[in-house]
Structures are given as C-alpha cells and as structure tokens.
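Q: One structure follows; several queries about it will come next.
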Amino acid sequence: MNTAFTLLIQPSGFVEFTILKRLVEVLGEKFVSKIDVSTENLTPPLIHYNWLREQYHAGKVLDWIYEKIRYLGYDRVLAVCGFDAYVEPLNFVFGLADPFKGIAAVFLPRLRPEFYGFKPNVDKYFERLVKECMHELGHTFGLEHCSNRKCVMSFSNSVIDVDHKLAAFCPNCSSKLKGVGIQLGSSAILLQ
Ligand SMILES: [Zn+2]
Ligand SMILES: [Zn+2]
C-alpha cells in the first residue's frame, strides 16, 4: 500500500451530518487517503444490544457492519456509531478495531461533554472524535498501544486521557506506519 488507502466512513445510528463532513476533511489531512462516506446508515439489530447494560456489544457490531460492507472492497472501514458499546471485561469502549478485517468503530456518546454533565461543546467533542478515529485506524494498521502519553496511540481509560493526548502519532508510531506504507499529513506527526 504505497498510494493513498481507501477509507469508507460508515455512519451507524444517530450521527450528525456536520460531524461527518468535518471528519472527512480532517482525516483527509491526517492520512493520505481517499475517503468516502457511506450513503446508507447501518444500524445494528437489537440482537447485538445488551438490555441489562443498555449498550451494544462492540465486537458483534463490528462484525455485523463488516459483513454488510466487505463486498465494497475498501482498504479500511471506520464505523462512526451514535450509541454506547462495551467489550468484556470493560465497562465501555470509546472504540474498537479489527486489524485482520481492516475495520474499526468509534462510539460517540462518551465523547460528548454533556455525557459528564458539562455544557455541550462541539469543538471539544469533535477533537475527541478525531483522536479516537486516528487511534482505531492506527490499530487497523497494526499499531499497538504506545507508552508516550501524548501519542494518539496511548490507551485512554477515560475522557481525561483522551483530552490529554494529541491528534498525532509519536515518531515511533509514525515510522511504523510509514513502514506499512501509510503516509501521514504533517499535522499527524509529533516531533517527540
Ligand atoms: Zn487502543
Ligand atoms: Zn506512539
């Protein structure tokens, strides 16, 4: 993969159009890529919803979406999901990736300031979304969690960690991406 990779952004559940539009622009600056937004919203069936937890099962959502879109042949798929989700044994996940299938998902509710009782703030919400999208895409390219707390590949236990990291890859993670043929925009690379 030495040219731009193809990326499908797949809305699932309620996602604001304005957010999708901004996401295409910003991810296009972060990664040398060709990005499309799916024309169809794919909301997973309730069989993948856990009524006790009031969350979707993230892994099942990922697999369900993958089966719906795999025939389209995109290099990577990023599902942007307007619902909360979990993976055992965690209480929740901000996102999930399957590097073998080349698909990732991010889950929106916990990125919103109002989830924590703060006033809505679209810019803060969007900044968190960009970081989580970059993080999960990084996993689909084979990156693991990074010990550099500023690196977008550092693990986030809470939204405080998401806010602490930057929307960029550290030199180590950047060079690993380069090694698998992924080119980054200058705003996606940390100097240290
Ligand atoms: Zn991760
Ligand atoms: Zn890193």
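Each chain of the structure tokens is named A, B, ... in the order shown, its residues numbered from 1; ligands are numbered from 1 in display order.
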Dump the neighbourhood of ligand 1 as a ChimeraX atom specification: all residues within 8 Å, distances computed on only C-alpha atoms and all ligand atoms.

A: /A:95-97,135-136,139,144-145,153-156

Q: Please, could you write that set of residues out with N, CA and C atoms as a PDB file, in the first residue's frame?

A:
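Saved to result.pdb:
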ATOM      1  N   GLY A  95     -13.811   2.921  21.367  1.00  0.00           N
ATOM      2  CA  GLY A  95     -13.702   2.406  20.008  1.00  0.00           C
ATOM      3  C   GLY A  95     -13.160   0.987  20.031  1.00  0.00           C
ATOM      4  N   LEU A  96     -13.121   0.381  18.860  1.00  0.00           N
ATOM      5  CA  LEU A  96     -12.633  -0.991  18.743  1.00  0.00           C
ATOM      6  C   LEU A  96     -12.133  -1.174  17.315  1.00  0.00           C
ATOM      7  N   ALA A  97     -11.089  -2.003  17.157  1.00  0.00           N
ATOM      8  CA  ALA A  97     -10.567  -2.237  15.807  1.00  0.00           C
ATOM      9  C   ALA A  97     -10.299  -3.713  15.591  1.00  0.00           C
ATOM     10  N   HIS A 135      -6.744   6.791  16.482  1.00  0.00           N
ATOM     11  CA  HIS A 135      -6.294   5.683  17.331  1.00  0.00           C
ATOM     12  C   HIS A 135      -6.754   4.334  16.763  1.00  0.00           C
ATOM     13  N   GLU A 136      -8.039   4.245  16.467  1.00  0.00           N
ATOM     14  CA  GLU A 136      -8.567   2.957  15.977  1.00  0.00           C
ATOM     15  C   GLU A 136      -8.034   2.640  14.580  1.00  0.00           C
ATOM     16  N   HIS A 139      -4.698   1.123  15.001  1.00  0.00           N
ATOM     17  CA  HIS A 139      -4.780  -0.317  15.303  1.00  0.00           C
ATOM     18  C   HIS A 139      -4.996  -1.141  14.036  1.00  0.00           C
ATOM     19  N   GLU A 144       0.110  -0.940  18.142  1.00  0.00           N
ATOM     20  CA  GLU A 144      -0.394  -1.304  19.463  1.00  0.00           C
ATOM     21  C   GLU A 144      -0.402  -0.052  20.336  1.00  0.00           C
ATOM     22  N   HIS A 145      -0.770  -0.227  21.607  1.00  0.00           N
ATOM     23  CA  HIS A 145      -0.804   0.945  22.488  1.00  0.00           C
ATOM     24  C   HIS A 145       0.611   1.444  22.748  1.00  0.00           C
ATOM     25  N   MET A 153      -1.799   6.995  20.015  1.00  0.00           N
ATOM     26  CA  MET A 153      -1.918   5.549  20.253  1.00  0.00           C
ATOM     27  C   MET A 153      -1.848   5.188  21.733  1.00  0.00           C
ATOM     28  N   SER A 154      -1.720   6.165  22.642  1.00  0.00           N
ATOM     29  CA  SER A 154      -1.751   5.810  24.061  1.00  0.00           C
ATOM     30  C   SER A 154      -3.180   5.401  24.425  1.00  0.00           C
ATOM     31  N   PHE A 155      -3.282   4.486  25.372  1.00  0.00           N
ATOM     32  CA  PHE A 155      -4.587   3.947  25.753  1.00  0.00           C
ATOM     33  C   PHE A 155      -5.347   4.968  26.598  1.00  0.00           C
ATOM     34  N   SER A 156      -6.631   5.115  26.344  1.00  0.00           N
ATOM     35  CA  SER A 156      -7.447   6.044  27.126  1.00  0.00           C
ATOM     36  C   SER A 156      -8.441   5.286  27.990  1.00  0.00           C
TER      37      SER A 156
END

Q: For region 108-156 of chain A against region 8-16 of chain A, with a cut-off of 12 Å and counting only C-alpha atoms, what is the closest atom pair and its distance in Å to one decimal for every residue that makes the cut, ordered by chain and number, as a tab-separated table?

A:
residue	atom	partner	partner_atom	distance
A:Leu108	CA	A:Val15	CA	8.2
A:Pro109	CA	A:Phe14	CA	10.1
A:Val122	CA	A:Glu16	CA	10.7
A:Tyr125	CA	A:Glu16	CA	11.7
A:Phe126	CA	A:Glu16	CA	10.9
A:Leu129	CA	A:Val15	CA	11.7
A:Cys133	CA	A:Ile9	CA	10.2
A:Leu137	CA	A:Ile9	CA	11.3

Q: Report as a VMD selection string which protein, DNA and RNA residues come within 8 Å of ligand 2, using only C-alpha atoms and all ligand atoms.

A: chain A and resid 145 to 148 150 to 154 169 to 174

Q: Find the nearest atom pair between each residue of region 138-159 of chain A and region 62-86 of chain A for residues within 12 Å, count only C-alpha atoms, give distances in Å to one decimal, sort rows by chain and ascending number, and present the table as CSV.

A:
residue,atom,partner,partner_atom,distance
A:Gly138,CA,A:Arg76,CA,10.8
A:His139,CA,A:Arg76,CA,11.1
A:Thr140,CA,A:Arg76,CA,7.7
A:Phe141,CA,A:Arg76,CA,9.1

Q: Report, in Å to a single decimal, how far apart CA of Asp163 (chain A) and CA of Arg112 (chain A) are.

A: 11.8 Å

Q: How many Å lie between CA of Glu88 (chain A) and CA of Leu42 (chain A), rounded to one decimal?

A: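 So the answer is 23.5 Å.
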
Q: Tell me, which residues of region 44-174 of chain A carry DSSP helix (DSSP H, G or I), written as a ChimeraX atom specification?

A: /A:46-48,58-72,109-111,113-116,122-140,159-164,171-174

Q: Between A:Glu132, A:Glu40, A:Ala167, A:Leu177, single out the one closest to Leu190 (chain A), counting only C-alpha atoms.

A: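 Ranking A:Glu132, A:Glu40, A:Ala167, A:Leu177 by distance to Leu190 (chain A), first place goes to A:Ala167.
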